[in-house]
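Undergrad: Next comes target20.txt, compact mmCIF, C-alpha atoms:
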# COMPACT_ATOMS: atom_id res chain seq x y z
CA MET A 1 0.00 0.00 0.00
CA SER A 2 1.22 3.51 -0.81
CA LYS A 3 2.37 5.58 2.14
CA PHE A 4 -0.13 8.27 3.02
CA PRO A 5 0.69 11.32 5.19
CA ILE A 6 -1.85 10.38 7.85
CA LYS A 7 -0.80 13.16 10.25
CA GLU A 8 -1.52 15.80 7.61
CA PHE A 9 -4.86 14.12 6.90
CA GLU A 10 -6.01 14.27 10.53
CA SER A 11 -6.39 18.05 10.43
CA GLN A 12 -8.41 18.05 7.20
CA SER A 13 -12.17 17.95 6.79
CA THR A 14 -13.24 14.91 4.80
CA PRO A 15 -13.86 14.06 2.06
CA PHE A 16 -10.93 15.52 0.15
CA TYR A 17 -8.65 14.68 -2.75
CA TYR A 18 -5.01 13.96 -2.04
CA TYR A 19 -2.50 14.43 -4.86
CA ASP A 20 0.94 12.83 -4.73
CA MET A 21 3.08 15.39 -6.57
CA GLU A 22 6.18 13.20 -6.56
CA LEU A 23 4.28 10.54 -8.49
CA LEU A 24 2.95 13.17 -10.90
CA ARG A 25 6.47 14.46 -11.57
CA ASN A 26 7.76 10.91 -12.06
CA THR A 27 4.94 10.27 -14.51
CA LEU A 28 5.76 13.40 -16.50
CA ASP A 29 9.43 12.38 -16.57
CA ALA A 30 8.44 8.91 -17.79
CA ILE A 31 6.53 10.43 -20.70
CA LYS A 32 9.51 12.55 -21.69
CA THR A 33 11.78 9.52 -21.56
CA ALA A 34 9.38 7.39 -23.61
CA ALA A 35 8.76 10.07 -26.24
CA PRO A 36 11.99 12.00 -26.88
CA ASP A 37 11.14 12.20 -30.58
CA SER A 38 11.23 15.79 -31.83
CA CYS A 39 8.09 15.14 -33.87
CA PHE A 40 6.06 13.91 -30.85
CA HIS A 41 4.18 16.56 -28.86
CA VAL A 42 2.12 15.70 -25.77
CA HIS A 43 -0.82 17.88 -24.80
CA TYR A 44 -2.48 17.32 -21.42
CA ALA A 45 -6.25 16.76 -21.65
CA ILE A 46 -7.25 19.19 -18.93
CA LYS A 47 -10.78 17.78 -18.70
CA ALA A 48 -9.27 14.93 -16.63
CA ASN A 49 -8.26 17.23 -13.77
CA ALA A 50 -8.06 21.03 -13.60
CA ASN A 51 -6.81 21.39 -10.02
CA SER A 52 -4.70 24.55 -10.27
CA LEU A 53 -1.62 23.13 -8.51
CA VAL A 54 -1.71 19.94 -10.55
CA ILE A 55 -1.95 21.69 -13.91
CA ARG A 56 0.74 24.21 -12.99
CA GLU A 57 3.11 21.30 -12.47
CA ILE A 58 2.21 19.92 -15.91
CA ALA A 59 2.65 23.32 -17.56
CA LYS A 60 6.01 23.76 -15.82
CA ALA A 61 7.13 20.46 -17.35
CA GLY A 62 6.66 21.95 -20.81
CA PHE A 63 3.59 20.08 -22.01
CA GLY A 64 0.85 21.54 -24.18
CA VAL A 65 -2.83 21.38 -23.26
CA ASP A 66 -6.04 20.11 -24.85
CA CYS A 67 -9.14 22.10 -23.88
CA VAL A 68 -12.85 21.62 -24.56
CA SER A 69 -14.31 24.87 -23.20
CA GLU A 70 -13.51 28.54 -22.66
CA GLY A 71 -13.27 27.81 -18.95
CA GLU A 72 -10.57 25.22 -19.58
CA ILE A 73 -8.67 27.62 -21.83
CA ARG A 74 -8.77 30.24 -19.06
CA ALA A 75 -7.59 27.68 -16.49
CA ALA A 76 -4.76 26.65 -18.81
CA LEU A 77 -3.62 30.22 -19.39
CA ASN A 78 -3.75 30.93 -15.64
CA ALA A 79 -1.64 27.83 -14.99
CA GLY A 80 1.09 29.01 -17.34
CA PHE A 81 0.40 27.09 -20.53
CA PRO A 82 1.32 29.34 -23.48
CA SER A 83 -1.50 30.03 -25.93
CA SER A 84 0.74 28.63 -28.68
CA LYS A 85 0.40 25.19 -27.05
CA ILE A 86 -3.39 25.24 -26.56
CA VAL A 87 -5.67 23.20 -28.81
CA PHE A 88 -9.44 23.62 -28.57
CA ALA A 89 -11.63 20.57 -29.18
CA GLY A 90 -15.29 19.83 -28.55
CA VAL A 91 -18.35 19.06 -30.62
CA GLY A 92 -20.37 22.11 -29.52
CA LYS A 93 -18.09 25.13 -29.25
CA GLY A 94 -20.05 28.29 -28.46
CA ASP A 95 -19.69 31.61 -30.27
CA SER A 96 -18.19 33.33 -27.24
CA GLU A 97 -15.77 30.42 -26.75
CA ILE A 98 -14.52 30.64 -30.33
CA ASP A 99 -14.23 34.40 -29.94
CA PHE A 100 -12.11 34.00 -26.81
CA ALA A 101 -9.87 31.40 -28.47
CA LEU A 102 -9.31 33.60 -31.53
CA ASP A 103 -8.46 36.59 -29.34
CA ASN A 104 -5.86 34.51 -27.53
CA ASP A 105 -4.27 33.12 -30.71
CA ILE A 106 -4.44 29.49 -29.65
CA GLU A 107 -2.45 26.88 -31.53
CA CYS A 108 -5.34 25.10 -33.22
CA PHE A 109 -9.08 24.41 -33.32
CA ASN A 110 -9.96 20.71 -33.57
CA VAL A 111 -13.10 21.04 -35.66
CA GLU A 112 -15.91 18.48 -35.60
CA SER A 113 -18.39 19.60 -38.27
CA ILE A 114 -18.80 21.75 -41.36
CA PRO A 115 -21.18 24.17 -39.57
CA GLU A 116 -18.45 24.72 -37.00
CA LEU A 117 -15.95 25.41 -39.79
CA GLN A 118 -18.34 27.95 -41.25
CA LEU A 119 -18.70 29.75 -37.92
CA ILE A 120 -14.95 29.87 -37.26
CA GLN A 121 -14.38 31.19 -40.79
CA GLU A 122 -16.97 33.95 -40.28
CA MET A 123 -15.64 34.99 -36.88
CA ALA A 124 -12.00 34.88 -37.98
CA SER A 125 -12.88 37.00 -41.03
CA VAL A 126 -14.43 39.70 -38.84
CA LYS A 127 -11.24 39.81 -36.77
CA ASP A 128 -9.04 39.66 -39.89
CA LYS A 129 -7.33 36.58 -38.47
CA ILE A 130 -6.38 33.17 -39.83
CA ALA A 131 -7.47 30.27 -37.63
CA ASN A 132 -5.45 27.07 -37.61
CA VAL A 133 -7.82 24.11 -37.86
CA ALA A 134 -7.46 20.35 -37.68
CA LEU A 135 -10.39 18.24 -38.80
CA ARG A 136 -11.54 15.66 -36.29
CA VAL A 137 -12.22 12.48 -38.19
CA ASN A 138 -14.51 9.75 -36.92
CA PRO A 139 -12.56 6.65 -38.03
CA ASN A 140 -15.27 4.14 -37.01
CA ILE A 141 -12.98 2.11 -34.73
CA ASP A 142 -14.25 0.11 -31.75
CA ALA A 143 -11.92 0.84 -28.81
CA HIS A 144 -13.48 -2.02 -26.76
CA THR A 145 -14.15 0.18 -23.75
CA HIS A 146 -17.25 1.36 -21.88
CA HIS A 147 -19.88 2.67 -24.31
CA TYR A 148 -20.01 6.03 -22.51
CA ILE A 149 -16.32 6.65 -23.27
CA THR A 150 -16.15 5.22 -26.77
CA THR A 151 -15.87 8.13 -29.18
CA GLY A 152 -14.61 6.76 -32.50
CA LEU A 153 -17.61 4.82 -33.82
CA GLU A 154 -19.77 6.27 -36.58
CA GLU A 155 -22.77 6.11 -34.20
CA ASN A 156 -21.03 8.54 -31.80
CA LYS A 157 -21.61 12.31 -31.90
CA PHE A 158 -17.93 13.11 -32.30
CA GLY A 159 -16.00 13.96 -35.43
CA ILE A 160 -16.60 14.15 -39.16
CA ALA A 161 -17.61 10.93 -40.90
CA LEU A 162 -15.05 9.58 -43.36
CA GLU A 163 -17.45 9.98 -46.28
CA MET A 164 -17.95 13.68 -45.42
CA LEU A 165 -14.29 14.54 -44.90
CA HIS A 166 -13.60 15.66 -48.47
CA GLU A 167 -16.29 18.34 -48.23
CA ALA A 168 -14.74 19.68 -45.03
CA VAL A 169 -11.24 19.70 -46.53
CA ASP A 170 -12.54 21.49 -49.62
CA PHE A 171 -14.25 24.13 -47.46
CA CYS A 172 -11.00 24.85 -45.61
CA LEU A 173 -9.00 25.19 -48.81
CA LYS A 174 -11.49 27.65 -50.30
CA ASN A 175 -11.73 29.98 -47.30
CA PRO A 176 -8.81 32.36 -46.64
CA ASN A 177 -9.39 32.73 -42.90
CA LEU A 178 -8.87 29.01 -42.27
CA ARG A 179 -5.50 27.29 -42.35
CA LEU A 180 -5.88 23.51 -42.57
CA VAL A 181 -2.96 22.17 -40.54
CA GLY A 182 -3.94 18.61 -39.74
CA LEU A 183 -6.23 15.77 -38.89
CA HIS A 184 -7.45 14.89 -35.41
CA PHE A 185 -8.60 11.53 -34.06
CA HIS A 186 -9.75 10.21 -30.69
CA ILE A 187 -11.26 6.75 -30.40
CA GLY A 188 -12.07 6.47 -26.68
CA SER A 189 -10.72 6.35 -23.15
CA GLN A 190 -9.31 3.76 -20.75
CA ILE A 191 -7.92 1.66 -23.61
CA THR A 192 -5.67 -1.07 -22.24
CA VAL A 193 -4.86 -3.02 -25.41
CA THR A 194 -2.76 -1.82 -28.34
CA GLU A 195 -4.83 -3.20 -31.22
CA PRO A 196 -7.24 -0.23 -31.52
CA PHE A 197 -4.27 2.14 -31.74
CA LYS A 198 -2.68 0.01 -34.47
CA ILE A 199 -5.92 0.07 -36.45
CA LEU A 200 -6.03 3.83 -35.99
CA CYS A 201 -2.55 4.14 -37.48
CA GLU A 202 -3.68 2.14 -40.52
CA ARG A 203 -6.68 4.44 -41.04
CA ILE A 204 -4.47 7.52 -40.68
CA ASN A 205 -1.91 6.21 -43.16
CA THR A 206 -4.64 5.50 -45.70
CA LEU A 207 -6.18 8.96 -45.34
CA VAL A 208 -2.85 10.78 -45.50
CA ASP A 209 -1.87 8.86 -48.64
CA GLN A 210 -5.23 9.57 -50.29
CA TYR A 211 -5.00 13.29 -49.72
CA LYS A 212 -1.32 13.47 -50.63
CA LYS A 213 -2.26 12.23 -54.09
CA LEU A 214 -4.74 15.11 -54.26
CA GLY A 215 -2.07 17.62 -53.31
CA VAL A 216 -3.25 18.06 -49.71
CA GLU A 217 -0.70 17.50 -46.97
CA PHE A 218 -1.27 17.57 -43.22
CA ARG A 219 1.67 18.76 -41.15
CA MET A 220 -0.01 17.74 -37.87
CA ILE A 221 -1.54 14.38 -37.04
CA ASN A 222 -3.36 14.42 -33.70
CA VAL A 223 -3.99 10.85 -32.53
CA GLY A 224 -5.87 11.82 -29.37
CA GLY A 225 -5.26 9.96 -26.14
CA GLY A 226 -7.12 7.10 -24.49
CA LEU A 227 -4.30 5.22 -22.77
CA GLY A 228 -5.70 3.47 -19.70
CA ILE A 229 -4.38 2.94 -16.17
CA ASP A 230 -4.44 -0.01 -13.76
CA TYR A 231 -7.36 0.63 -11.39
CA ASP A 232 -6.95 -2.75 -9.71
CA ASP A 233 -3.27 -2.47 -8.77
CA PRO A 234 -2.20 1.20 -8.58
CA ASP A 235 0.78 0.40 -6.36
CA GLY A 236 2.05 -2.29 -8.72
CA HIS A 237 1.58 -0.09 -11.81
CA PRO A 238 1.70 3.54 -10.70
CA ILE A 239 2.97 4.71 -14.09
CA PRO A 240 1.48 3.40 -17.35
CA ASP A 241 3.62 1.73 -19.99
CA PHE A 242 4.20 4.85 -22.05
CA LYS A 243 7.00 3.29 -24.08
CA SER A 244 4.73 0.60 -25.51
CA TYR A 245 2.06 3.21 -26.21
CA PHE A 246 4.34 5.57 -28.09
CA ASP A 247 6.04 2.64 -29.87
CA VAL A 248 2.73 1.73 -31.51
CA PHE A 249 2.65 5.09 -33.28
CA ARG A 250 6.40 5.20 -33.82
CA GLU A 251 6.30 1.83 -35.58
CA ASN A 252 2.98 2.04 -37.41
CA LEU A 253 2.52 5.64 -38.53
CA ARG A 254 4.15 6.54 -41.83
CA LEU A 255 5.38 10.09 -41.39
CA ASP A 256 7.51 12.34 -43.54
CA ALA A 257 10.14 14.67 -42.13
CA THR A 258 7.78 17.64 -41.88
CA GLN A 259 4.91 15.98 -39.99
CA GLN A 260 4.27 16.29 -36.27
CA VAL A 261 2.28 13.89 -34.07
CA HIS A 262 0.18 15.28 -31.25
CA PHE A 263 -1.05 13.21 -28.30
CA GLU A 264 -3.79 14.20 -25.85
CA LEU A 265 -3.11 12.25 -22.66
CA GLY A 266 -5.23 12.90 -19.60
CA ARG A 267 -6.08 9.95 -17.37
CA SER A 268 -2.67 8.32 -17.86
CA ILE A 269 -0.94 11.47 -16.58
CA VAL A 270 -2.99 12.26 -13.47
CA GLY A 271 -5.11 9.19 -12.71
CA GLN A 272 -2.78 7.41 -10.32
CA CYS A 273 -1.50 10.45 -8.44
CA GLY A 274 -4.91 11.19 -6.89
CA SER A 275 -6.88 9.47 -4.13
CA LEU A 276 -10.21 10.40 -2.58
CA ILE A 277 -9.86 10.32 1.22
CA THR A 278 -13.09 9.70 3.12
CA LYS A 279 -14.03 9.00 6.74
CA VAL A 280 -16.21 6.17 7.98
CA ARG A 281 -19.42 7.42 9.55
CA TYR A 282 -21.16 4.15 10.41
CA ILE A 283 -20.83 0.39 10.21
CA LYS A 284 -24.32 -0.84 9.44
CA GLU A 285 -25.35 -4.45 9.96
CA GLY A 286 -27.71 -5.66 7.22
CA VAL A 287 -29.57 -8.96 7.04
CA LYS A 288 -27.08 -10.50 4.62
CA LYS A 289 -24.17 -8.06 4.53
CA LYS A 290 -22.33 -5.28 6.32
CA PHE A 291 -22.14 -1.72 5.06
CA VAL A 292 -19.37 0.79 5.57
CA ILE A 293 -21.07 4.17 5.23
CA VAL A 294 -18.55 6.91 4.45
CA ASP A 295 -18.87 10.68 4.18
CA ALA A 296 -17.86 10.76 0.49
CA GLY A 297 -20.49 10.07 -2.09
CA MET A 298 -21.15 9.96 -5.81
CA THR A 299 -21.14 13.76 -5.68
CA ASP A 300 -17.40 13.57 -4.93
CA LEU A 301 -16.49 10.69 -7.24
CA ILE A 302 -19.12 9.83 -9.82
CA ARG A 303 -17.21 7.25 -11.86
CA PRO A 304 -18.59 4.16 -10.04
CA ALA A 305 -22.18 5.37 -10.43
CA LEU A 306 -21.81 6.71 -13.99
CA TYR A 307 -19.51 4.13 -15.59
CA GLN A 308 -19.90 1.18 -13.20
CA ALA A 309 -16.17 1.70 -12.61
CA HIS A 310 -14.30 0.11 -9.74
CA HIS A 311 -11.54 1.78 -7.74
CA LEU A 312 -9.32 0.00 -5.24
CA ILE A 313 -10.51 0.88 -1.70
CA GLN A 314 -8.06 0.77 1.21
CA ASN A 315 -8.49 1.36 4.93
CA ILE A 316 -5.40 3.44 5.69
CA THR A 317 -5.83 3.81 9.47
CA SER A 318 -7.09 0.44 10.72
CA GLN A 319 -4.60 -1.46 12.87
CA SER A 320 -6.55 -4.72 12.71
CA SER A 321 -4.95 -7.84 11.26
CA GLU A 322 -8.38 -9.38 10.73
CA THR A 323 -10.57 -8.70 7.70
CA GLU A 324 -14.26 -8.52 6.94
CA VAL A 325 -16.34 -8.12 3.79
CA TYR A 326 -18.31 -4.90 3.34
CA ASP A 327 -20.25 -2.90 0.81
CA VAL A 328 -18.73 0.60 0.84
CA VAL A 329 -21.43 3.19 0.26
CA GLY A 330 -21.97 6.94 0.55
CA PRO A 331 -24.67 9.11 2.11
CA ILE A 332 -26.38 10.30 -1.10
CA CYS A 333 -30.06 9.50 -1.54
CA GLU A 334 -29.45 7.30 -4.59
CA SER A 335 -29.07 3.53 -4.76
CA SER A 336 -26.19 4.03 -7.21
CA ASP A 337 -24.17 5.79 -4.49
CA CYS A 338 -21.91 2.80 -3.96
CA PHE A 339 -18.12 2.72 -4.24
CA GLY A 340 -17.67 -1.03 -3.96
CA MET A 341 -19.54 -4.23 -3.18
CA GLU A 342 -18.10 -7.14 -1.22
CA GLU A 343 -14.87 -5.31 -0.47
CA THR A 344 -12.42 -7.15 1.77
CA LEU A 345 -11.00 -4.66 4.26
CA PRO A 346 -9.34 -4.79 7.67
CA VAL A 347 -11.97 -4.71 10.41
CA THR A 348 -13.31 -1.20 9.97
CA ARG A 349 -14.72 1.13 12.58
CA ARG A 350 -16.31 4.56 12.78
CA GLY A 351 -13.70 7.26 12.24
CA ASP A 352 -11.36 5.18 10.08
CA LEU A 353 -10.01 6.81 6.93
CA LEU A 354 -10.44 5.07 3.59
CA ALA A 355 -8.51 5.88 0.43
CA ILE A 356 -10.32 5.39 -2.86
CA ARG A 357 -7.41 5.04 -5.22
CA SER A 358 -6.71 6.04 -8.84
CA ALA A 359 -9.07 8.99 -8.52
CA GLY A 360 -6.85 11.69 -9.99
CA ALA A 361 -8.70 11.66 -13.32
CA TYR A 362 -12.41 12.48 -13.67
CA GLY A 363 -12.79 12.72 -9.92
CA GLU A 364 -12.53 16.19 -8.43
CA ILE A 365 -13.33 17.85 -11.77
CA MET A 366 -16.68 16.01 -12.06
CA ALA A 367 -17.79 16.65 -8.48
CA SER A 368 -21.24 18.18 -7.98
CA GLN A 369 -23.33 19.72 -5.23
CA TYR A 370 -26.27 17.36 -5.52
CA ASN A 371 -28.11 17.10 -2.18
CA CYS A 372 -26.70 20.62 -1.52
CA ARG A 373 -23.40 19.08 -0.48
CA ASN A 374 -20.12 20.95 -0.32
CA LEU A 375 -17.55 20.29 -3.03
CA PRO A 376 -14.57 18.23 -1.82
CA GLY A 377 -11.35 20.02 -0.91
CA SER A 378 -7.87 18.97 -1.97
CA ILE A 379 -4.38 18.52 -0.55
CA VAL A 380 -1.29 18.60 -2.76
CA LEU A 381 1.89 17.18 -1.20
Give the structure from this file in structure tokens form.

TA:
Amino acid sequence: MSKFPIKEFESQSTPFYYYDMELLRNTLDAIKTAAPDSCFHVHYAIKANANSLVIREIAKAGFGVDCVSEGEIRAALNAGFPSSKIVFAGVGKGDSEIDFALDNDIECFNVESIPELQLIQEMASVKDKIANVALRVNPNIDAHTHHYITTGLEENKFGIALEMLHEAVDFCLKNPNLRLVGLHFHIGSQITVTEPFKILCERINTLVDQYKKLGVEFRMINVGGGLGIDYDDPDGHPIPDFKSYFDVFRENLRLDATQQVHFELGRSIVGQCGSLITKVRYIKEGVKKKFVIVDAGMTDLIRPALYQAHHLIQNITSQSSETEVYDVVGPICESSDCFGMEETLPVTRRGDLLAIRSAGAYGEIMASQYNCRNLPGSIVL
């Protein structure tokens, strides 16, 4: 079990997120080691976690950032990411968001439809600016992940269908306030096998070759992110296998000397450095099972309720050598407010602290105030 600074925890009101900054820095270093290629550029997908101290550390390490809202762009700028390393994605960009991005001269818009292209062209024309755009292509690839986080199938709302891509390319080439710089792909999240990425490379190679014959070249290929983490054994695998991930693209993408590859990693950067710390309120005896009722709920970490995801749960203060089996649940008035069923823990008592691991991604950022609850705090050490 990871070492937790229990003394520092004792003075904090629960629930709260704890971020291990040493692990975050080691993860960032591992990415740099695995991808020293001058043509590889990693952008952090800020939607995974926008804690100001966390993203400042990522900006300080020299990474770019992938944003999907004006609020995320503002958070990125405040954290120290230069506008020249900000890409703006999202299927429903608002007028004011596009306006803000143009005013800040971001690196690129990842565009998901022809109507969006038309709007960016109109707004850039008014400002007498040229907007860099990459076309997000829906490659119709099954990433074999949860259907809520699969994004690359033709039935999903994301991206431009392959059969409609030529029209989008043609629109860019005919409009002087758009500069077509690349293609963008993203096939899903929490992908733990390499095959979908290999298939993606094949689709990209085919598209690039097709358009090269037509005289259209893309200097930037954005392959998205999606690399998963080990939710079952965070201590055994605290840092994902970035080398194998980057090797897939290094070995399967056919690039010329002028092309750049962009990656949008989120979960794999911050997922393992965060834990949700919660206090036990009650041990409730049921007819057939025992419940550990904690003060954290689905308002603080929604992944188990939304995605049926499982996070490793550890009692970090119990001194008991004996174990019991519990359902670990929160106080929210919803049956889905359950962090784990039939969890084997040391004998647990009121006041014990539990750590819900691998919660650095899509945890704090997705917290809500349902039931008029307070948002969780955070500790960065």

Undergrad: For a test of reading the model, state the distance in Å between atom CA of A:Ser336 and atom CA of A:Ile6, rounded to one decimal.

TA: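 Separating atom CA of A:Ser336 from atom CA of A:Ile6 is a distance of 29.3 Å.
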
Undergrad: Report as JSON, numbers by chain all protein, DNA and RNA residues lying within 7 Å of A:Gly224, evaluated on all atoms listed in the file, omitting residues in the same chain fewer than 5 positions from it.

TA: {"A": [184, 185, 186, 263, 264]}

Undergrad: Of the residues A:Gly377, A:Gly159, A:Gly266, A:Pro240, which is the one nearest to A:Leu135, using all atoms listed in the file?

TA: A:Gly159

Undergrad: Report, in Å to a single decimal, how far apart atom CA of A:Ile293 and atom CA of A:Asp327 are.

TA: 8.4 Å

Undergrad: For a quick check of understanding, using only C-alpha atoms, which of A:Ile86, A:Val380, A:Ala61, A:Leu183 has the smallest distance to A:Phe16?

TA: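 Of A:Ile86, A:Val380, A:Ala61, A:Leu183, the one nearest A:Phe16 is A:Val380, counting only C-alpha atoms.
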
Undergrad: One decimal, Å: what's the distance from atom CA of A:Ile379 over to atom CA of A:Cys273, could you say?

TA: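 Computing the Euclidean distance for atom CA of A:Ile379 and atom CA of A:Cys273 yields 11.6 Å.
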
Undergrad: Per residue of stretch 164-276 of chain A within 12 Å of stretch 92-107 of chain A, what are the shortest atom pair and its distance in Å to one decimal, counting all atoms listed in the file, with rows by chain and residue number, as a Markdown table?

TA:
| residue | atom | partner | partner_atom | distance |
| --- | --- | --- | --- | --- |
| A:Asn177 | CA | A:Leu102 | CA | 11.4 |
| A:Leu178 | CA | A:Leu102 | CA | 11.7 |
| A:Arg179 | CA | A:Glu107 | CA | 11.2 |
| A:Val181 | CA | A:Glu107 | CA | 10.2 |
| A:Gly182 | CA | A:Glu107 | CA | 11.7 |
| A:Met220 | CA | A:Glu107 | CA | 11.4 |
| A:His262 | CA | A:Glu107 | CA | 11.9 |

Undergrad: Can you pull out every residue within 12 Å of A:Gly64, counting all atoms listed in the file, but drop anything in the same chain fewer than 3 positions away, and send it as a VMD selection string?

TA: chain A and resid 40 to 46 55 to 61 67 73 76 to 77 79 to 88 106 to 108 262 to 266

Undergrad: Around the point (2.5, 5.5, 3.5), in the coordinates given by the file, pick out the residues reaching within 12 Å, counting all atoms listed in the file, and return them as a list in words.

TA: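 The requested residues, written out, are Met1, Ser2, Lys3, Phe4, Pro5, Ile6, Lys7, Glu8, Phe9, Asp20, Asp235, Gln314, Asn315, Ile316, Thr317 and Ala355 of chain A.
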
Undergrad: Show which residues sit within 9 Å of A:Cys338, as a list in words. Count only C-alpha atoms, and ignore same-chain residues fewer than 4 positions away.

TA: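 Counting only C-alpha atoms, the residues come to Gly297, Met298, Pro304, Ala305, Asp327, Val328, Val329, Gly330 and Glu334 of chain A.
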
Undergrad: Would you mind exporting C-alpha atoms of the selected residues as a PDB file, in the frame of the given file?

TA:
ATOM      1  CA  GLY A 297     -20.490  10.070  -2.090  1.00  0.00           C
ATOM      2  CA  MET A 298     -21.150   9.960  -5.810  1.00  0.00           C
ATOM      3  CA  PRO A 304     -18.590   4.160 -10.040  1.00  0.00           C
ATOM      4  CA  ALA A 305     -22.180   5.370 -10.430  1.00  0.00           C
ATOM      5  CA  ASP A 327     -20.250  -2.900   0.810  1.00  0.00           C
ATOM      6  CA  VAL A 328     -18.730   0.600   0.840  1.00  0.00           C
ATOM      7  CA  VAL A 329     -21.430   3.190   0.260  1.00  0.00           C
ATOM      8  CA  GLY A 330     -21.970   6.940   0.550  1.00  0.00           C
ATOM      9  CA  GLU A 334     -29.450   7.300  -4.590  1.00  0.00           C
TER      10      GLU A 334
END

Undergrad: Might you pull out every residue within 10 Å of stretch 209-211 of chain A, with only C-alpha atoms counted and same-chain residues fewer than 4 positions away left off, and present them as an MDAnalysis selection string?

TA: chainID A and resid 166 169 204:205 215:218 254

Undergrad: Quick one: residues within 8 Å of stretch 28-37 of chain A, only C-alpha atoms counted, chain neighbours fewer than 5 positions away excluded, as a list of chain:residue names?

TA: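 So, after excluding close chain neighbours, the residues are A:Ile58, A:Ala61, A:Ile239, A:Phe242, A:Lys243, A:Phe246, A:Ile269.
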
Undergrad: Around (-9.0, 11.5, 4.5), as given in the file, which residues come within 8 Å? Count all atoms listed in the file and list them as a list in words.

TA: Ile6, Phe9, Glu10, Gln12, Ser13, Thr14, Pro15, Phe16, Tyr17, Leu276, Ile277, Thr278, Lys279, Leu353, Leu354 and Ala355 of chain A

Undergrad: Out of A:Ala296, A:Ile313, A:Ala124, A:Val325, which residue has the shortest atom-to-atom distance to A:Ser368 when counting all atoms listed in the file?

TA: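 With all atoms listed in the file as the atom set, the closest residue is A:Ala296.
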
Undergrad: Please fill the gaps in stretch 261-272 of chain A so it has N, CA, C and O atoms, and write that as a short mmCIF file (atom, residue, chain, number, x, y, z; two decimals), in the frame of the given file.

TA:
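Output file result-v3.cif follows:
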data_model
loop_
_atom_site.label_atom_id
_atom_site.label_comp_id
_atom_site.auth_asym_id
_atom_site.auth_seq_id
_atom_site.Cartn_x
_atom_site.Cartn_y
_atom_site.Cartn_z
N VAL A 261 3.34 14.70 -34.68
CA VAL A 261 2.28 13.89 -34.07
C VAL A 261 1.93 14.49 -32.72
O VAL A 261 2.82 14.72 -31.88
N HIS A 262 0.65 14.75 -32.53
CA HIS A 262 0.18 15.28 -31.25
C HIS A 262 -0.58 14.20 -30.49
O HIS A 262 -1.35 13.44 -31.10
N PHE A 263 -0.36 14.14 -29.19
CA PHE A 263 -1.05 13.21 -28.30
C PHE A 263 -1.82 14.02 -27.27
O PHE A 263 -1.36 15.09 -26.84
N GLU A 264 -2.97 13.52 -26.85
CA GLU A 264 -3.79 14.20 -25.85
C GLU A 264 -4.01 13.26 -24.67
O GLU A 264 -5.04 12.61 -24.57
N LEU A 265 -3.03 13.17 -23.80
CA LEU A 265 -3.11 12.25 -22.66
C LEU A 265 -3.69 12.96 -21.45
O LEU A 265 -3.29 14.07 -21.12
N GLY A 266 -4.62 12.32 -20.79
CA GLY A 266 -5.23 12.90 -19.60
C GLY A 266 -5.16 11.96 -18.43
O GLY A 266 -4.35 12.11 -17.51
N ARG A 267 -6.00 10.93 -18.46
CA ARG A 267 -6.08 9.95 -17.37
C ARG A 267 -4.71 9.35 -17.06
O ARG A 267 -4.35 9.19 -15.88
N SER A 268 -3.95 9.00 -18.09
CA SER A 268 -2.67 8.32 -17.86
C SER A 268 -1.64 9.22 -17.19
O SER A 268 -0.67 8.74 -16.61
N ILE A 269 -1.85 10.54 -17.24
CA ILE A 269 -0.94 11.47 -16.58
C ILE A 269 -1.30 11.67 -15.11
O ILE A 269 -0.44 11.64 -14.23
N VAL A 270 -2.59 11.87 -14.84
CA VAL A 270 -2.99 12.26 -13.47
C VAL A 270 -3.78 11.21 -12.70
O VAL A 270 -3.98 11.36 -11.49
N GLY A 271 -4.21 10.14 -13.37
CA GLY A 271 -5.11 9.19 -12.71
C GLY A 271 -4.56 8.59 -11.44
O GLY A 271 -5.24 8.55 -10.40
N GLN A 272 -3.32 8.13 -11.47
CA GLN A 272 -2.78 7.41 -10.32
C GLN A 272 -2.25 8.31 -9.22
O GLN A 272 -2.04 7.85 -8.09
#
